[in-house]
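Asks: Attaching a single structure in structure tokens format; questions to follow.
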Amino acid sequence: MTFLRFIILLALAVWIGALIFFPVVAQTSFTVLPSTHLAGLVVRNSLIALHWMGMVAGLIFLICSMIDNRLTVARPRVFALNHILTVLMLALTTISQFWIIPRMDVLRITVGEISALPESNPLRSQFDSLHVWSTRIEMAVLVLGLIVLYSIARRFSTSRS
């Protein structure tokens, strides 16, 4: 059971850690690379990798958590708050991965260098709006993940007593 709980915590730590580290990668890219277009591509590719890591980690978390529940309370507790929040995290990540990023990609292909457009340009406004939503989604996933991590840590600490 200790190993199973280790996997549960590791899955959350990988996902949350990547979410915390991602802004560092983004900021560094925009600081070091010679153009905002190149930096945007690095951030895009990093975000796609982050999303896949999160989706895999989220599924591992859900499976292992339900197995742990089955072993400790004799039922998987499919609708436990931690599971619902994790499914919400997965849903938000999926929206970003398969809805927001592809739309931003279309705008990048259509326009090229987004930052070269005036802020009043409708395509730039559309890109900026998608970027704002992307940022909000990643922040929401991080906050939900921290709530789940805290809740799991509490559950594990009380189950030892």
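Chain lettering (A, B, ...) mirrors the order of the structure tokens, residue numbering begins at 1 for each chain separately, and ligand numbering begins at 1 in order of display.
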Quick one: contact table of region 96-127 of chain A to region 38-47 of chain A, 9 Å max, nearest atom pair and distance in Å to one decimal per residue, counting only C-alpha atoms, chain and number order, as a tab-separated table?
Replies:
residue	atom	partner	partner_atom	distance
A:Gln97	CA	A:Leu47	CA	8.3
A:Ile101	CA	A:Arg44	CA	7.6
A:Asp105	CA	A:Arg44	CA	8.9
Asks: Could you write those residues out with N, CA, C and O atoms, as a PDB file, in the first residue's frame?
Replies:
ATOM      1  N   GLN A  97      -5.444  21.726 -24.648  1.00  0.00           N
ATOM      2  CA  GLN A  97      -4.644  20.960 -25.617  1.00  0.00           C
ATOM      3  C   GLN A  97      -5.315  20.851 -26.981  1.00  0.00           C
ATOM      4  O   GLN A  97      -4.657  20.996 -28.004  1.00  0.00           O
ATOM      5  N   ILE A 101      -4.976  25.548 -28.092  1.00  0.00           N
ATOM      6  CA  ILE A 101      -3.696  25.514 -28.818  1.00  0.00           C
ATOM      7  C   ILE A 101      -3.901  25.393 -30.329  1.00  0.00           C
ATOM      8  O   ILE A 101      -3.262  26.136 -31.088  1.00  0.00           O
ATOM      9  N   ASP A 105      -2.570  28.012 -33.073  1.00  0.00           N
ATOM     10  CA  ASP A 105      -1.706  27.567 -34.171  1.00  0.00           C
ATOM     11  C   ASP A 105      -2.202  28.081 -35.514  1.00  0.00           C
ATOM     12  O   ASP A 105      -1.407  28.533 -36.348  1.00  0.00           O
TER      13      ASP A 105
END
Asks: Identify, on the basis of only C-alpha atoms, every residue whose closest approach to region 128-145 of chain A does not exceed 7 Å; exclude the query and any residue fewer than 4 positions from it along the same chain; express the result as number ranges by chain.
Replies: A: 16, 19, 85, 89, 92, 96, 100, 104, 124, 149
Asks: Write out, as a PDB file, in the first residue's frame, the residues just selected, with all heavy atoms.
Replies:
ATOM      1  N   ILE A  16       1.810  18.855 -10.883  1.00  0.00           N
ATOM      2  CA  ILE A  16       1.854  20.168 -10.229  1.00  0.00           C
ATOM      3  C   ILE A  16       3.229  20.810 -10.388  1.00  0.00           C
ATOM      4  O   ILE A  16       3.339  22.011 -10.650  1.00  0.00           O
ATOM      5  CB  ILE A  16       1.460  20.040  -8.740  1.00  0.00           C
ATOM      6  CG1 ILE A  16      -0.008  19.634  -8.629  1.00  0.00           C
ATOM      7  CG2 ILE A  16       1.703  21.348  -8.002  1.00  0.00           C
ATOM      8  CD1 ILE A  16      -0.421  19.198  -7.239  1.00  0.00           C
ATOM      9  N   LEU A  19       3.511  22.278 -13.772  1.00  0.00           N
ATOM     10  CA  LEU A  19       2.716  23.513 -13.857  1.00  0.00           C
ATOM     11  C   LEU A  19       3.424  24.686 -13.184  1.00  0.00           C
ATOM     12  O   LEU A  19       3.339  25.824 -13.653  1.00  0.00           O
ATOM     13  CB  LEU A  19       1.340  23.306 -13.209  1.00  0.00           C
ATOM     14  CG  LEU A  19       0.340  22.493 -14.017  1.00  0.00           C
ATOM     15  CD1 LEU A  19      -0.813  22.036 -13.134  1.00  0.00           C
ATOM     16  CD2 LEU A  19      -0.171  23.288 -15.207  1.00  0.00           C
ATOM     17  N   LEU A  85     -12.336  16.570  -8.771  1.00  0.00           N
ATOM     18  CA  LEU A  85     -11.427  17.682  -9.072  1.00  0.00           C
ATOM     19  C   LEU A  85     -10.371  17.270 -10.096  1.00  0.00           C
ATOM     20  O   LEU A  85     -10.010  18.057 -10.977  1.00  0.00           O
ATOM     21  CB  LEU A  85     -10.768  18.198  -7.790  1.00  0.00           C
ATOM     22  CG  LEU A  85     -11.702  18.866  -6.776  1.00  0.00           C
ATOM     23  CD1 LEU A  85     -10.918  19.306  -5.546  1.00  0.00           C
ATOM     24  CD2 LEU A  85     -12.446  20.037  -7.390  1.00  0.00           C
ATOM     25  N   MET A  89      -9.603  18.812 -13.691  1.00  0.00           N
ATOM     26  CA  MET A  89      -8.254  19.187 -14.141  1.00  0.00           C
ATOM     27  C   MET A  89      -7.967  18.585 -15.515  1.00  0.00           C
ATOM     28  O   MET A  89      -7.437  19.264 -16.403  1.00  0.00           O
ATOM     29  CB  MET A  89      -7.190  18.700 -13.143  1.00  0.00           C
ATOM     30  CG  MET A  89      -7.186  19.413 -11.815  1.00  0.00           C
ATOM     31  SD  MET A  89      -6.174  18.572 -10.563  1.00  0.00           S
ATOM     32  CE  MET A  89      -4.535  18.687 -11.289  1.00  0.00           C
ATOM     33  N   LEU A  92     -10.062  20.448 -18.203  1.00  0.00           N
ATOM     34  CA  LEU A  92      -9.472  21.753 -18.535  1.00  0.00           C
ATOM     35  C   LEU A  92      -8.206  21.592 -19.372  1.00  0.00           C
ATOM     36  O   LEU A  92      -7.987  22.329 -20.345  1.00  0.00           O
ATOM     37  CB  LEU A  92      -9.172  22.538 -17.258  1.00  0.00           C
ATOM     38  CG  LEU A  92     -10.392  23.038 -16.485  1.00  0.00           C
ATOM     39  CD1 LEU A  92      -9.975  23.591 -15.123  1.00  0.00           C
ATOM     40  CD2 LEU A  92     -11.159  24.074 -17.282  1.00  0.00           C
ATOM     41  N   SER A  96      -7.560  22.941 -23.269  1.00  0.00           N
ATOM     42  CA  SER A  96      -6.400  23.731 -23.687  1.00  0.00           C
ATOM     43  C   SER A  96      -5.637  23.030 -24.816  1.00  0.00           C
ATOM     44  O   SER A  96      -5.256  23.661 -25.798  1.00  0.00           O
ATOM     45  CB  SER A  96      -5.482  23.977 -22.488  1.00  0.00           C
ATOM     46  OG  SER A  96      -4.387  24.767 -22.860  1.00  0.00           O
ATOM     47  N   ILE A 100      -7.817  25.190 -27.533  1.00  0.00           N
ATOM     48  CA  ILE A 100      -7.152  26.499 -27.531  1.00  0.00           C
ATOM     49  C   ILE A 100      -5.872  26.484 -28.349  1.00  0.00           C
ATOM     50  O   ILE A 100      -5.683  27.344 -29.223  1.00  0.00           O
ATOM     51  CB  ILE A 100      -6.886  26.972 -26.084  1.00  0.00           C
ATOM     52  CG1 ILE A 100      -8.226  27.267 -25.396  1.00  0.00           C
ATOM     53  CG2 ILE A 100      -5.986  28.213 -26.079  1.00  0.00           C
ATOM     54  CD1 ILE A 100      -8.114  27.675 -23.956  1.00  0.00           C
ATOM     55  N   MET A 104      -4.833  28.765 -31.677  1.00  0.00           N
ATOM     56  CA  MET A 104      -3.681  29.673 -31.665  1.00  0.00           C
ATOM     57  C   MET A 104      -2.719  29.316 -32.806  1.00  0.00           C
ATOM     58  O   MET A 104      -2.142  30.207 -33.441  1.00  0.00           O
ATOM     59  CB  MET A 104      -2.970  29.617 -30.311  1.00  0.00           C
ATOM     60  CG  MET A 104      -3.796  30.227 -29.177  1.00  0.00           C
ATOM     61  SD  MET A 104      -3.036  30.033 -27.560  1.00  0.00           S
ATOM     62  CE  MET A 104      -1.941  31.449 -27.565  1.00  0.00           C
ATOM     63  N   ARG A 124      -4.998  39.639 -33.899  1.00  0.00           N
ATOM     64  CA  ARG A 124      -4.169  39.775 -32.692  1.00  0.00           C
ATOM     65  C   ARG A 124      -5.051  39.738 -31.444  1.00  0.00           C
ATOM     66  O   ARG A 124      -4.696  39.098 -30.455  1.00  0.00           O
ATOM     67  CB  ARG A 124      -3.386  41.096 -32.756  1.00  0.00           C
ATOM     68  CG  ARG A 124      -2.707  41.531 -31.472  1.00  0.00           C
ATOM     69  CD  ARG A 124      -1.266  41.081 -31.406  1.00  0.00           C
ATOM     70  NE  ARG A 124      -0.615  41.416 -30.160  1.00  0.00           N
ATOM     71  CZ  ARG A 124       0.373  42.289 -30.042  1.00  0.00           C
ATOM     72  NH1 ARG A 124       0.815  42.940 -31.105  1.00  0.00           N
ATOM     73  NH2 ARG A 124       0.927  42.504 -28.879  1.00  0.00           N
ATOM     74  N   LEU A 149      -3.806  17.777  -3.805  1.00  0.00           N
ATOM     75  CA  LEU A 149      -2.604  17.351  -3.085  1.00  0.00           C
ATOM     76  C   LEU A 149      -2.770  17.530  -1.578  1.00  0.00           C
ATOM     77  O   LEU A 149      -2.447  16.630  -0.795  1.00  0.00           O
ATOM     78  CB  LEU A 149      -1.379  18.130  -3.585  1.00  0.00           C
ATOM     79  CG  LEU A 149      -0.049  17.763  -2.932  1.00  0.00           C
ATOM     80  CD1 LEU A 149       0.294  16.299  -3.165  1.00  0.00           C
ATOM     81  CD2 LEU A 149       1.052  18.672  -3.478  1.00  0.00           C
TER      82      LEU A 149
END
Asks: For Ala13 (chain A), please output as a list in words all residues within 10 Å (counting only C-alpha atoms; exclusion window: fewer than 4 positions along the same chain).
Replies: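 Residues meeting the cut-off are Ile7, Ile8, Leu9, Gly17, Ala18, Leu19, Ala57, Gly145, Leu146 and Leu149 of chain A.
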Asks: Tell me which protein, DNA and RNA residues are within 12 Å of Ile63 (chain A), counting only C-alpha atoms, leaving out same-chain ones fewer than 6 positions away, and put them as a PyMOL selection string.
Replies: chain A and resi 4-5+7-8+11+56-57+69-70+76-78+83+86-87
Asks: Write the selection just made, keeping C-alpha atoms, as a PDB file, in the first residue's frame?
Replies:
ATOM      1  CA  LEU A   4       0.602   2.663  -4.247  1.00  0.00           C
ATOM      2  CA  ARG A   5       0.404   5.859  -2.211  1.00  0.00           C
ATOM      3  CA  ILE A   7       2.604   6.517  -7.034  1.00  0.00           C
ATOM      4  CA  ILE A   8      -0.460   8.626  -6.171  1.00  0.00           C
ATOM      5  CA  ALA A  11       1.601  11.535 -10.178  1.00  0.00           C
ATOM      6  CA  VAL A  56      -0.995  10.647 -18.109  1.00  0.00           C
ATOM      7  CA  ALA A  57      -0.313  11.662 -14.497  1.00  0.00           C
ATOM      8  CA  ASN A  69      -9.726   3.429  -1.759  1.00  0.00           C
ATOM      9  CA  ARG A  70     -10.798  -0.097  -2.657  1.00  0.00           C
ATOM     10  CA  PRO A  76     -13.282   2.810  -5.094  1.00  0.00           C
ATOM     11  CA  ARG A  77     -15.177   6.011  -4.189  1.00  0.00           C
ATOM     12  CA  VAL A  78     -15.413   7.033  -7.849  1.00  0.00           C
ATOM     13  CA  HIS A  83     -11.526  12.315  -8.176  1.00  0.00           C
ATOM     14  CA  THR A  86      -8.900  15.557 -10.958  1.00  0.00           C
ATOM     15  CA  VAL A  87     -11.417  14.876 -13.727  1.00  0.00           C
TER      16      VAL A  87
END
Asks: Using only C-alpha atoms, pick whichever of A:Ser151, A:Thr31, A:Ser120, A:Ser157 has the shortest atom-to-atom distance to Ala80 (chain A).
Replies: A:Ser151
Asks: Work out how far CA of Leu33 (chain A) is from CA of Trp99 (chain A), in Å to one decimal.
Replies: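 About the pair CA of Trp99 (chain A) and CA of Leu33 (chain A): they are 26.8 Å apart.
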Asks: Do you have the CA of His37 (chain A)-CA of Arg108 (chain A) distance handy?
Replies: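 Straight-line distance from CA of His37 (chain A) to CA of Arg108 (chain A) works out to 8.7 Å.
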